[in-house]
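As stored in final24.tsv (TSV, C-alpha atoms):
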```
chain	number	residue	atom	x	y	z
A	1133	MET	CA	-23.71	-37.51	98.89
A	1134	THR	CA	-26.46	-34.93	99.12
A	1135	ALA	CA	-26.83	-31.19	98.59
A	1136	THR	CA	-24.83	-28.99	100.96
A	1137	ARG	CA	-27.39	-26.16	101.01
A	1138	THR	CA	-31.09	-25.89	101.86
A	1139	SER	CA	-33.59	-25.40	99.06
A	1140	GLN	CA	-34.30	-21.90	100.35
A	1141	ASP	CA	-30.57	-21.04	100.29
A	1142	ILE	CA	-30.27	-22.28	96.70
A	1143	LEU	CA	-33.38	-20.38	95.64
A	1144	GLU	CA	-32.16	-17.13	97.18
A	1145	GLN	CA	-28.60	-17.49	95.89
A	1146	ASP	CA	-29.54	-18.61	92.37
A	1147	PHE	CA	-32.75	-16.63	91.81
A	1148	LEU	CA	-31.17	-13.92	89.64
A	1149	LYS	CA	-29.21	-16.47	87.61
A	1150	ILE	CA	-32.33	-18.53	86.94
A	1151	ARG	CA	-34.31	-15.38	86.10
A	1152	CYS	CA	-31.58	-14.50	83.61
A	1153	LEU	CA	-31.72	-17.98	82.06
A	1154	ILE	CA	-35.51	-17.70	81.63
A	1155	LEU	CA	-35.10	-14.28	80.03
A	1156	ASP	CA	-32.45	-15.65	77.66
A	1157	LEU	CA	-34.84	-18.39	76.69
A	1158	ALA	CA	-37.72	-15.96	76.18
A	1159	ALA	CA	-35.54	-13.64	74.09
A	1160	SER	CA	-34.30	-16.57	71.98
A	1161	LEU	CA	-37.89	-17.63	71.20
A	1162	ASP	CA	-38.82	-13.99	70.44
A	1163	ARG	CA	-35.87	-13.83	68.02
A	1164	ILE	CA	-37.25	-16.81	66.13
A	1165	ASP	CA	-40.71	-15.21	66.06
A	1166	ARG	CA	-39.33	-11.95	64.65
A	1167	GLY	CA	-37.64	-13.73	61.77
A	1168	GLU	CA	-39.13	-14.00	58.31
A	1169	GLY	CA	-41.41	-17.05	57.92
A	1170	ALA	CA	-42.21	-17.33	61.63
A	1171	ASP	CA	-45.79	-18.37	60.78
A	1172	HIS	CA	-44.53	-21.62	59.29
A	1173	ILE	CA	-42.01	-22.55	61.95
A	1174	ALA	CA	-44.36	-24.20	64.47
A	1175	ASP	CA	-44.27	-27.55	62.64
A	1176	HIS	CA	-40.49	-27.54	62.25
A	1177	GLU	CA	-38.97	-30.62	63.92
A	1178	GLN	CA	-36.48	-28.58	65.96
A	1179	MET	CA	-39.26	-26.24	67.15
A	1180	LYS	CA	-41.27	-29.23	68.33
A	1181	LEU	CA	-38.23	-30.55	70.16
A	1182	LEU	CA	-37.74	-27.20	71.89
A	1183	GLN	CA	-41.42	-27.09	72.85
A	1184	GLY	CA	-41.17	-30.61	74.29
A	1185	GLY	CA	-38.11	-29.58	76.27
A	1186	LEU	CA	-39.96	-26.57	77.67
A	1187	ASP	CA	-42.88	-28.77	78.70
A	1188	LEU	CA	-40.50	-30.98	80.69
A	1189	LEU	CA	-39.38	-28.00	82.76
A	1190	LYS	CA	-42.89	-27.78	84.20
A	1191	GLU	CA	-42.77	-31.35	85.53
A	1192	ASP	CA	-41.99	-32.10	89.15
A	1193	GLY	CA	-38.33	-32.75	89.95
A	1194	PRO	CA	-35.75	-33.90	90.60
A	1195	GLY	CA	-34.51	-35.49	87.39
A	1196	ARG	CA	-35.61	-32.77	84.96
A	1197	ALA	CA	-32.10	-32.37	83.50
A	1198	ALA	CA	-31.82	-36.08	82.71
A	1199	LYS	CA	-35.33	-36.05	81.20
A	1200	VAL	CA	-34.46	-33.06	79.00
A	1201	GLN	CA	-31.22	-34.80	77.93
A	1202	LEU	CA	-33.15	-37.94	76.95
A	1203	HIS	CA	-35.77	-35.84	75.15
A	1204	PHE	CA	-33.00	-34.48	72.89
A	1205	SER	CA	-31.37	-37.91	72.42
A	1206	ASP	CA	-31.40	-40.49	69.62
A	1207	GLN	CA	-33.23	-43.70	70.39
A	1208	TYR	CA	-31.13	-46.67	71.53
A	1209	GLU	CA	-32.14	-50.12	70.27
A	1210	GLU	CA	-31.57	-52.91	72.77
A	1211	GLY	CA	-29.79	-55.88	71.18
A	1212	TRP	CA	-28.46	-53.83	68.24
A	1213	ASN	CA	-25.24	-55.90	68.25
A	1214	GLU	CA	-26.81	-59.35	68.57
A	1215	GLY	CA	-25.98	-61.61	65.67
A	1216	GLU	CA	-22.97	-59.50	64.62
A	1217	ASP	CA	-19.72	-61.29	63.89
B	1458	MET	CA	-5.67	-26.73	96.18
B	1459	TYR	CA	-3.72	-29.05	93.92
B	1460	PHE	CA	-5.69	-30.68	91.10
B	1461	ILE	CA	-5.17	-32.94	88.10
B	1462	ASP	CA	-6.82	-32.31	84.73
B	1463	PRO	CA	-7.33	-35.87	83.45
B	1464	HIS	CA	-8.36	-34.83	79.93
B	1465	VAL	CA	-6.87	-31.83	78.16
B	1466	HIS	CA	-5.39	-31.53	74.66
B	1467	MET	CA	-2.34	-29.43	75.40
B	1468	VAL	CA	-0.82	-29.74	71.91
B	1469	SER	CA	-3.51	-27.19	70.98
B	1470	ARG	CA	-2.70	-24.84	73.84
B	1471	THR	CA	0.07	-22.37	74.50
B	1472	THR	CA	2.82	-22.53	77.10
B	1473	ASP	CA	1.03	-19.58	78.73
B	1474	ASP	CA	-1.92	-21.92	79.32
B	1475	TYR	CA	0.37	-24.44	81.00
B	1476	GLU	CA	1.67	-21.66	83.24
B	1477	ILE	CA	-1.81	-20.39	84.16
B	1478	MET	CA	-2.92	-23.94	84.97
B	1479	ALA	CA	0.17	-24.44	87.15
B	1480	ARG	CA	-0.50	-21.17	88.98
B	1481	MET	CA	-4.05	-22.34	89.69
B	1482	GLY	CA	-2.76	-25.56	91.28
B	1483	CYS	CA	-2.67	-28.02	88.38
B	1484	THR	CA	0.02	-30.54	89.18
B	1485	ALA	CA	-0.56	-33.15	86.46
B	1486	ILE	CA	-2.54	-33.60	83.27
B	1487	SER	CA	-3.36	-36.48	80.96
B	1488	GLU	CA	-3.70	-35.85	77.26
B	1489	PRO	CA	-5.65	-38.31	75.11
B	1490	ALA	CA	-4.86	-38.57	71.41
B	1491	PHE	CA	-7.59	-36.83	69.42
B	1492	TRP	CA	-8.64	-35.23	66.16
B	1493	ALA	CA	-6.52	-32.33	64.89
B	1494	GLY	CA	-9.44	-30.53	63.23
B	1495	TYR	CA	-8.57	-32.17	59.92
B	1496	ASP	CA	-8.05	-35.82	58.98
B	1497	ARG	CA	-4.39	-36.82	59.03
B	1498	GLY	CA	-3.26	-38.35	55.76
B	1499	SER	CA	-0.88	-41.13	56.74
B	1500	VAL	CA	0.28	-43.43	59.51
B	1501	ASP	CA	3.49	-41.38	59.69
B	1502	GLY	CA	1.40	-38.31	60.49
B	1503	PHE	CA	0.12	-40.18	63.55
B	1504	ARG	CA	3.59	-41.42	64.44
B	1505	ASP	CA	4.82	-37.80	64.53
B	1506	TYR	CA	1.81	-36.81	66.68
B	1507	PHE	CA	2.47	-39.66	69.13
B	1508	ARG	CA	6.12	-38.53	69.36
B	1509	GLN	CA	4.86	-35.04	70.23
B	1510	LEU	CA	2.65	-36.55	72.98
B	1511	THR	CA	5.41	-38.73	74.43
B	1512	GLU	CA	8.53	-36.60	73.92
B	1513	PHE	CA	7.86	-32.88	73.52
B	1514	GLU	CA	4.73	-32.24	75.62
B	1515	PRO	CA	6.18	-33.85	78.79
B	1516	GLN	CA	9.11	-31.41	78.54
B	1517	ARG	CA	6.88	-28.40	77.95
B	1518	ALA	CA	4.67	-29.37	80.92
B	1519	ALA	CA	7.68	-30.04	83.15
B	1520	SER	CA	8.97	-26.52	82.48
B	1521	VAL	CA	6.15	-25.23	84.73
B	1522	GLY	CA	6.13	-28.16	87.15
B	1523	ILE	CA	3.23	-30.10	85.61
B	1524	GLN	CA	3.56	-33.88	85.15
B	1525	HIS	CA	2.34	-34.95	81.73
B	1526	TYR	CA	0.68	-38.27	80.87
B	1527	THR	CA	-0.93	-39.37	77.64
B	1528	TRP	CA	-3.15	-41.90	75.86
B	1529	ILE	CA	-2.58	-43.27	72.35
B	1530	CYS	CA	-5.14	-44.13	69.64
B	1531	ILE	CA	-6.77	-42.98	66.42
B	1532	ASN	CA	-9.79	-40.86	67.33
B	1533	ALA	CA	-13.32	-41.97	66.37
B	1534	LYS	CA	-13.65	-38.94	64.10
B	1535	GLU	CA	-11.02	-40.49	61.81
B	1536	ALA	CA	-12.35	-44.06	62.03
B	1537	GLU	CA	-14.30	-43.77	58.78
B	1538	ASN	CA	-10.97	-44.45	57.03
B	1539	VAL	CA	-10.81	-48.06	58.19
B	1540	GLU	CA	-7.64	-48.91	56.27
B	1541	LEU	CA	-5.65	-46.02	57.78
B	1542	SER	CA	-7.14	-46.70	61.21
B	1543	ARG	CA	-5.88	-50.28	61.06
B	1544	GLU	CA	-2.39	-49.09	60.09
B	1545	VAL	CA	-2.39	-46.74	63.10
B	1546	ILE	CA	-3.62	-49.46	65.48
B	1547	ALA	CA	-0.83	-51.74	64.24
B	1548	MET	CA	1.69	-48.95	64.98
B	1549	ILE	CA	0.40	-48.07	68.50
B	1550	PRO	CA	2.49	-50.77	70.31
B	1551	GLU	CA	5.63	-48.79	69.32
B	1552	PHE	CA	4.53	-46.25	71.94
B	1553	LEU	CA	3.07	-48.43	74.70
B	1554	ASP	CA	6.34	-48.64	76.63
B	1555	LYS	CA	6.89	-44.87	76.72
B	1556	PRO	CA	7.00	-43.76	80.37
B	1557	ASN	CA	4.15	-41.23	80.20
B	1558	VAL	CA	1.65	-43.44	78.33
B	1559	LEU	CA	-1.27	-44.50	80.54
B	1560	GLY	CA	-3.13	-46.60	77.99
B	1561	ILE	CA	-5.36	-46.58	74.90
B	1562	GLY	CA	-7.56	-43.52	74.34
B	1563	GLU	CA	-9.63	-41.61	73.74
B	1564	ILE	CA	-11.39	-44.31	71.74
B	1565	GLY	CA	-15.13	-44.66	71.30
B	1566	LEU	CA	-17.87	-43.41	69.04
B	1567	ASN	CA	-18.63	-40.01	67.55
B	1568	LYS	CA	-21.57	-40.48	65.17
B	1569	ASN	CA	-22.28	-44.10	66.13
B	1570	THR	CA	-21.51	-45.45	62.63
B	1571	PRO	CA	-20.65	-49.07	61.70
B	1572	ASN	CA	-17.06	-48.09	60.79
B	1573	GLU	CA	-16.60	-46.37	64.15
B	1574	CYS	CA	-17.82	-49.57	65.84
B	1575	THR	CA	-15.34	-51.65	63.80
B	1576	ILE	CA	-12.37	-49.50	64.80
B	1577	PHE	CA	-13.54	-49.19	68.41
B	1578	ARG	CA	-13.70	-52.98	68.69
B	1579	GLU	CA	-10.20	-53.31	67.19
B	1580	HIS	CA	-8.84	-50.83	69.74
B	1581	LEU	CA	-10.52	-52.88	72.48
B	1582	GLU	CA	-8.83	-56.03	71.12
B	1583	LEU	CA	-5.45	-54.31	71.37
B	1584	ALA	CA	-6.13	-52.99	74.88
B	1585	ALA	CA	-7.28	-56.41	76.07
B	1586	LYS	CA	-4.25	-58.14	74.52
B	1587	THR	CA	-1.78	-55.67	76.06
B	1588	ASN	CA	-3.72	-55.20	79.33
B	1589	GLU	CA	-3.80	-51.42	78.92
B	1590	LEU	CA	-6.11	-48.95	80.63
B	1591	ILE	CA	-8.82	-47.54	78.35
B	1592	LEU	CA	-10.13	-43.97	78.06
B	1593	ILE	CA	-13.47	-43.72	76.25
B	1594	HIS	CA	-14.83	-40.76	74.26
B	1595	THR	CA	-18.64	-40.59	74.10
B	1596	PRO	CA	-20.55	-38.49	71.56
B	1597	HIS	CA	-21.45	-35.00	72.62
B	1598	LEU	CA	-25.03	-34.18	71.68
B	1599	TRP	CA	-28.18	-36.11	70.67
B	1600	ASP	CA	-26.06	-39.18	69.92
B	1601	LYS	CA	-24.50	-39.37	73.43
B	1602	TYR	CA	-27.09	-41.61	75.10
B	1603	LYS	CA	-27.29	-44.10	72.23
B	1604	GLY	CA	-23.52	-44.01	71.73
B	1605	THR	CA	-22.79	-44.58	75.41
B	1606	ARG	CA	-25.14	-47.57	75.48
B	1607	MET	CA	-23.51	-48.99	72.33
B	1608	ILE	CA	-20.02	-48.49	73.77
B	1609	ILE	CA	-20.95	-50.32	76.97
B	1610	ASP	CA	-22.51	-53.13	74.91
B	1611	MET	CA	-19.27	-53.52	72.93
B	1612	ILE	CA	-17.08	-53.50	76.05
B	1613	LYS	CA	-19.32	-56.20	77.52
B	1614	GLU	CA	-18.53	-58.35	74.48
B	1615	HIS	CA	-15.07	-58.63	76.13
B	1616	SER	CA	-14.96	-60.80	79.22
B	1617	ASP	CA	-11.22	-59.98	79.37
B	1618	ILE	CA	-11.78	-56.24	79.94
B	1619	ASP	CA	-12.38	-55.18	83.54
B	1620	PRO	CA	-14.74	-52.15	83.71
B	1621	GLY	CA	-12.68	-50.98	86.69
B	1622	ARG	CA	-9.82	-50.32	84.23
B	1623	VAL	CA	-11.96	-48.24	81.87
B	1624	LEU	CA	-12.98	-44.57	82.14
B	1625	ILE	CA	-16.06	-43.41	80.22
B	1626	ASP	CA	-15.65	-39.72	79.53
B	1627	HIS	CA	-17.98	-36.81	78.79
B	1628	VAL	CA	-20.78	-38.27	80.96
B	1629	GLU	CA	-23.74	-36.01	81.69
B	1630	GLU	CA	-26.98	-36.30	83.65
B	1631	HIS	CA	-28.45	-39.06	81.47
B	1632	THR	CA	-25.32	-41.22	81.12
B	1633	VAL	CA	-23.44	-40.94	84.41
B	1634	LYS	CA	-25.31	-43.79	86.06
B	1635	LEU	CA	-24.88	-46.01	83.00
B	1636	ALA	CA	-21.13	-45.70	83.54
B	1637	LEU	CA	-21.05	-45.99	87.33
B	1638	ASP	CA	-23.65	-48.75	87.67
B	1639	ASN	CA	-21.69	-50.88	85.19
B	1640	GLY	CA	-18.49	-50.52	87.23
B	1641	PHE	CA	-16.65	-47.96	85.07
B	1642	TRP	CA	-14.85	-44.81	86.09
B	1643	CYS	CA	-16.26	-41.66	84.54
B	1644	GLY	CA	-15.26	-38.15	83.54
B	1645	MET	CA	-17.34	-34.98	83.28
B	1646	THR	CA	-16.17	-32.54	80.63
B	1647	LEU	CA	-16.64	-28.85	81.42
B	1648	TYR	CA	-17.07	-26.65	78.38
B	1649	PRO	CA	-18.07	-23.02	77.96
B	1650	THR	CA	-20.62	-23.98	75.28
B	1651	THR	CA	-22.86	-26.99	74.48
B	1652	LYS	CA	-21.48	-29.38	77.10
B	1653	CYS	CA	-21.50	-29.73	80.89
B	1654	THR	CA	-20.87	-26.67	83.08
B	1655	PRO	CA	-19.13	-26.50	86.47
B	1656	ALA	CA	-22.55	-25.98	88.11
B	1657	ARG	CA	-24.09	-29.03	86.43
B	1658	ALA	CA	-21.02	-31.13	87.21
B	1659	SER	CA	-21.39	-30.13	90.86
B	1660	ASP	CA	-25.07	-31.12	90.68
B	1661	ILE	CA	-24.02	-34.52	89.32
B	1662	ILE	CA	-21.61	-34.99	92.24
B	1663	GLU	CA	-24.47	-34.16	94.63
B	1664	MET	CA	-26.60	-36.80	92.90
B	1665	VAL	CA	-24.13	-39.69	92.49
B	1666	GLY	CA	-21.40	-39.03	95.07
B	1667	THR	CA	-17.65	-38.85	94.73
B	1668	GLU	CA	-16.63	-42.43	93.86
B	1669	ARG	CA	-14.99	-43.19	90.46
B	1670	ILE	CA	-15.78	-39.75	89.03
B	1671	MET	CA	-13.65	-36.73	88.07
B	1672	PRO	CA	-14.04	-33.46	86.15
B	1673	ASN	CA	-11.87	-32.39	83.21
B	1674	SER	CA	-11.58	-29.43	80.85
B	1675	ALA	CA	-10.99	-31.32	77.58
B	1676	GLY	CA	-9.37	-28.02	76.52
B	1677	ASP	CA	-8.53	-28.22	72.83
B	1678	TRP	CA	-8.31	-26.04	69.72
B	1679	GLY	CA	-12.02	-25.08	69.83
B	1680	PRO	CA	-13.93	-22.88	72.31
B	1681	SER	CA	-12.79	-24.43	75.59
B	1682	LYS	CA	-11.20	-23.43	78.87
B	1683	PRO	CA	-8.11	-25.20	80.22
B	1684	THR	CA	-8.82	-23.76	83.67
B	1685	ALA	CA	-12.30	-25.32	83.86
B	1686	VAL	CA	-11.33	-27.72	86.67
B	1687	ALA	CA	-10.38	-24.71	88.80
B	1688	ASP	CA	-13.82	-23.24	88.00
B	1689	PHE	CA	-15.38	-26.50	89.23
B	1690	ILE	CA	-13.39	-26.26	92.48
B	1691	MET	CA	-14.71	-22.72	92.98
B	1692	GLU	CA	-18.31	-23.83	92.33
B	1693	MET	CA	-17.99	-26.69	94.83
B	1694	ARG	CA	-16.53	-24.30	97.42
B	1695	LYS	CA	-19.33	-21.77	96.89
B	1696	ARG	CA	-21.80	-24.54	97.71
B	1697	GLY	CA	-20.06	-25.25	101.01
B	1698	ASN	CA	-18.36	-28.54	100.10
B	1699	SER	CA	-15.33	-29.44	102.23
B	1700	ASP	CA	-11.84	-29.35	100.76
B	1701	ALA	CA	-11.63	-33.11	101.44
B	1702	THR	CA	-14.68	-33.73	99.22
B	1703	ILE	CA	-13.35	-31.52	96.44
B	1704	LYS	CA	-9.84	-33.00	96.62
B	1705	LYS	CA	-11.32	-36.49	96.29
B	1706	VAL	CA	-12.73	-35.76	92.83
B	1707	VAL	CA	-10.13	-33.37	91.40
B	1708	TYR	CA	-6.97	-35.06	92.72
B	1709	GLU	CA	-7.37	-38.40	94.47
B	1710	ASN	CA	-9.70	-40.02	91.93
B	1711	PRO	CA	-7.51	-39.26	88.89
B	1712	LEU	CA	-4.49	-40.54	90.84
B	1713	SER	CA	-6.32	-43.74	91.79
B	1714	PHE	CA	-7.35	-44.39	88.19
B	1715	PHE	CA	-3.95	-43.57	86.68
B	1716	SER	CA	-2.27	-45.77	89.32
B	1717	LEU	CA	-3.88	-48.78	87.64
B	1718	SER	CA	-1.44	-48.28	84.75
B	1719	LYS	CA	1.70	-50.38	85.12
B	1720	ARG	CA	3.88	-47.44	84.00
B	1721	PHE	CA	2.38	-44.70	86.16
B	1722	GLU	CA	4.86	-42.86	88.34
B	1723	PHE	CA	3.91	-39.66	90.14
B	1724	THR	CA	5.70	-37.30	92.48
B	1725	PRO	CA	3.25	-35.53	94.81
B	1726	PRO	CA	3.81	-31.76	94.66
B	1727	GLU	CA	4.77	-31.60	98.32
B	1728	GLN	CA	7.64	-34.08	97.65
B	1729	ARG	CA	9.16	-32.19	94.73
B	1730	GLY	CA	12.80	-31.29	95.15
B	1731	GLU	CA	13.42	-33.97	97.78
```
Write out the structure in this file as structure tokens.
Amino acid sequence: MTATRTSQDILEQDFLKIRCLILDLAASLDRIDRGEGADHIADHEQMKLLQGGLDLLKEDGPGRAAKVQLHFSDQYEEGWNEGED
Amino acid sequence: MYFIDPHVHMVSRTTDDYEIMARMGCTAISEPAFWAGYDRGSVDGFRDYFRQLTEFEPQRAASVGIQHYTWICINAKEAENVELSREVIAMIPEFLDKPNVLGIGEIGLNKNTPNECTIFREHLELAAKTNELILIHTPHLWDKYKGTRMIIDMIKEHSDIDPGRVLIDHVEEHTVKLALDNGFWCGMTLYPTTKCTPARASDIIEMVGTERIMPNSAGDWGPSKPTAVADFIMEMRKRGNSDATIKKVVYENPLSFFSLSKRFEFTPPEQRGE
């Protein structure tokens, strides 16, 4: 199954929603910056994770959503259950 | 359009919710056993809960024309108490011949701990021995990918469990293909916060197609929306999908999966009253 709409249709129909999502994101980051101790937050693990997630949005698609999901995921170790009873 | 919500915790919802769902076209639901928000203290606490799922809820649903099905287990969130979990698993067969029970679920992992793995494997043993359908809960956030992989690894330890009789729930963009490519059914859970949305679920359908996949609300006692499947239908319509495509995922797929249960009996809404 493929998309039912053209890319241009999707862009025109969803433009305001996407604009709103970007604004929400920008306002959320501003909120962190306005808080006390903002100068020391850049090295915080969660801040780095957010920054990495933002970087992924600039990559070519499709597949960005899955990449962002994996970016925020624990590592899986192949063979973790080998040798268990 | 008629739809089925294959995963919703109606014990946490009001009769008004049942009525709103019925008005929106919900004709059947399935309700997996889950965590009450606190850890139950005894096996008798679970026995009472399973009676609620198999005796009272079917009546409450029927009062608005919804057919009620259920799944029995001890949820992964309570698996850290291994002794109690084993008592509950030993008691589950008391309920496996109840007419609305579809199988064992929702079992799985929550924080991917060794005790959760122990209890998950013991549920799998029971399901394999009794040839029951299985409904799988996968973790919700950063532990979802790892947990889903671990769950699939543990199911593969069982040559006597057919993936075609197992549904892996709460799949998202990074886990949906793990489920489908390994032959499982899968569910997408639509939540107002933190989980999948109707728009993203529709995106997933565009990416993987309509086979062995279905949306659900997983409505429970937390922030959730028991009408989320109707929201999904609206999103799919807005995108220009045909009613046949939408019906396949919100009605026909749940029916096909539930029909694999030896006890499943269903009256299509158009045949009611005949």
- request: Find the residues near range 1509-1524 of chain B: any atom within 8 Å, counting only C-alpha atoms, skip ones fewer than 6 places away on the same chain, and give them as JSON, numbers by chain.
  value: {"B": [1467, 1468, 1472, 1475, 1476, 1479, 1483, 1484, 1485, 1486, 1488, 1490, 1552, 1555, 1556, 1557, 1558, 1723]}
Put those residues in a file: C-alpha atoms, as a PDB file, in the coordinates of the input.
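As a result, out33.pdb now contains:
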```
ATOM      1  CA  MET B1467      -2.340 -29.430  75.400  1.00  0.00           C
ATOM      2  CA  VAL B1468      -0.820 -29.740  71.910  1.00  0.00           C
ATOM      3  CA  THR B1472       2.820 -22.530  77.100  1.00  0.00           C
ATOM      4  CA  TYR B1475       0.370 -24.440  81.000  1.00  0.00           C
ATOM      5  CA  GLU B1476       1.670 -21.660  83.240  1.00  0.00           C
ATOM      6  CA  ALA B1479       0.170 -24.440  87.150  1.00  0.00           C
ATOM      7  CA  CYS B1483      -2.670 -28.020  88.380  1.00  0.00           C
ATOM      8  CA  THR B1484       0.020 -30.540  89.180  1.00  0.00           C
ATOM      9  CA  ALA B1485      -0.560 -33.150  86.460  1.00  0.00           C
ATOM     10  CA  ILE B1486      -2.540 -33.600  83.270  1.00  0.00           C
ATOM     11  CA  GLU B1488      -3.700 -35.850  77.260  1.00  0.00           C
ATOM     12  CA  ALA B1490      -4.860 -38.570  71.410  1.00  0.00           C
ATOM     13  CA  PHE B1552       4.530 -46.250  71.940  1.00  0.00           C
ATOM     14  CA  LYS B1555       6.890 -44.870  76.720  1.00  0.00           C
ATOM     15  CA  PRO B1556       7.000 -43.760  80.370  1.00  0.00           C
ATOM     16  CA  ASN B1557       4.150 -41.230  80.200  1.00  0.00           C
ATOM     17  CA  VAL B1558       1.650 -43.440  78.330  1.00  0.00           C
ATOM     18  CA  PHE B1723       3.910 -39.660  90.140  1.00  0.00           C
TER      19      PHE B1723
END
```
Enumerate as an mmCIF file with C-alpha atoms, in the frame of the given file the residues belonging to chain A that approach chain B to within 9 Å, with all atoms listed in the file taken into account.
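What landed in out-v2.cif:
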```cif
data_model
loop_
_atom_site.group_PDB
_atom_site.id
_atom_site.type_symbol
_atom_site.label_atom_id
_atom_site.label_comp_id
_atom_site.auth_asym_id
_atom_site.auth_seq_id
_atom_site.Cartn_x
_atom_site.Cartn_y
_atom_site.Cartn_z
ATOM 1 C CA MET A 1133 -23.710 -37.510 98.890
ATOM 2 C CA THR A 1134 -26.460 -34.930 99.120
ATOM 3 C CA ALA A 1135 -26.830 -31.190 98.590
ATOM 4 C CA THR A 1136 -24.830 -28.990 100.960
ATOM 5 C CA ARG A 1137 -27.390 -26.160 101.010
ATOM 6 C CA ILE A 1142 -30.270 -22.280 96.700
ATOM 7 C CA GLY A 1195 -34.510 -35.490 87.390
ATOM 8 C CA ALA A 1197 -32.100 -32.370 83.500
ATOM 9 C CA ALA A 1198 -31.820 -36.080 82.710
ATOM 10 C CA LYS A 1199 -35.330 -36.050 81.200
ATOM 11 C CA VAL A 1200 -34.460 -33.060 79.000
ATOM 12 C CA GLN A 1201 -31.220 -34.800 77.930
ATOM 13 C CA LEU A 1202 -33.150 -37.940 76.950
ATOM 14 C CA HIS A 1203 -35.770 -35.840 75.150
ATOM 15 C CA PHE A 1204 -33.000 -34.480 72.890
ATOM 16 C CA SER A 1205 -31.370 -37.910 72.420
ATOM 17 C CA ASP A 1206 -31.400 -40.490 69.620
ATOM 18 C CA GLN A 1207 -33.230 -43.700 70.390
ATOM 19 C CA TYR A 1208 -31.130 -46.670 71.530
ATOM 20 C CA GLU A 1209 -32.140 -50.120 70.270
ATOM 21 C CA GLU A 1210 -31.570 -52.910 72.770
ATOM 22 C CA GLY A 1211 -29.790 -55.880 71.180
ATOM 23 C CA TRP A 1212 -28.460 -53.830 68.240
ATOM 24 C CA ASN A 1213 -25.240 -55.900 68.250
#
```
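Across the structure, CA of Arg1166 in chain A and CA of Asp1187 in chain A are spaced 22.2 Å apart.
CA of Asp1146 in chain A to CA of Thr1646 in chain B spans 22.6 Å [interatomic distance, one decimal].
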Output as a tab-separated table (two decimals), keeping the file's coordinate frame: range 1462-1472 of chain B, completed with N, CA, C and O atoms.
```tsv
chain	number	residue	atom	x	y	z
B	1462	ASP	N	-5.86	-32.34	85.84
B	1462	ASP	CA	-6.82	-32.31	84.73
B	1462	ASP	C	-6.62	-33.60	83.94
B	1462	ASP	O	-5.64	-33.74	83.21
B	1463	PRO	N	-7.53	-34.56	84.06
B	1463	PRO	CA	-7.33	-35.87	83.45
B	1463	PRO	C	-7.64	-35.93	81.96
B	1463	PRO	O	-7.52	-37.02	81.36
B	1464	HIS	N	-8.05	-34.81	81.36
B	1464	HIS	CA	-8.36	-34.83	79.93
B	1464	HIS	C	-8.21	-33.41	79.38
B	1464	HIS	O	-9.11	-32.58	79.55
B	1465	VAL	N	-7.07	-33.15	78.77
B	1465	VAL	CA	-6.87	-31.83	78.16
B	1465	VAL	C	-5.88	-31.99	77.01
B	1465	VAL	O	-4.89	-32.72	77.12
B	1466	HIS	N	-6.18	-31.35	75.88
B	1466	HIS	CA	-5.39	-31.53	74.66
B	1466	HIS	C	-4.37	-30.40	74.54
B	1466	HIS	O	-4.57	-29.42	73.81
B	1467	MET	N	-3.27	-30.53	75.27
B	1467	MET	CA	-2.34	-29.43	75.40
B	1467	MET	C	-1.56	-29.13	74.12
B	1467	MET	O	-1.02	-28.02	73.98
B	1468	VAL	N	-1.51	-30.07	73.17
B	1468	VAL	CA	-0.82	-29.74	71.91
B	1468	VAL	C	-1.50	-28.55	71.23
B	1468	VAL	O	-0.89	-27.87	70.41
B	1469	SER	N	-2.77	-28.31	71.58
B	1469	SER	CA	-3.51	-27.19	70.98
B	1469	SER	C	-3.41	-25.92	71.81
B	1469	SER	O	-4.01	-24.91	71.45
B	1470	ARG	N	-2.73	-25.98	72.94
B	1470	ARG	CA	-2.70	-24.84	73.84
B	1470	ARG	C	-1.29	-24.25	73.91
B	1470	ARG	O	-0.32	-24.90	73.57
B	1471	THR	N	-1.22	-23.05	74.41
B	1471	THR	CA	0.07	-22.37	74.50
B	1471	THR	C	0.78	-22.70	75.81
B	1471	THR	O	0.18	-23.20	76.76
B	1472	THR	N	2.06	-22.37	75.86
B	1472	THR	CA	2.82	-22.53	77.10
B	1472	THR	C	2.26	-21.60	78.18
B	1472	THR	O	2.33	-21.91	79.37
```
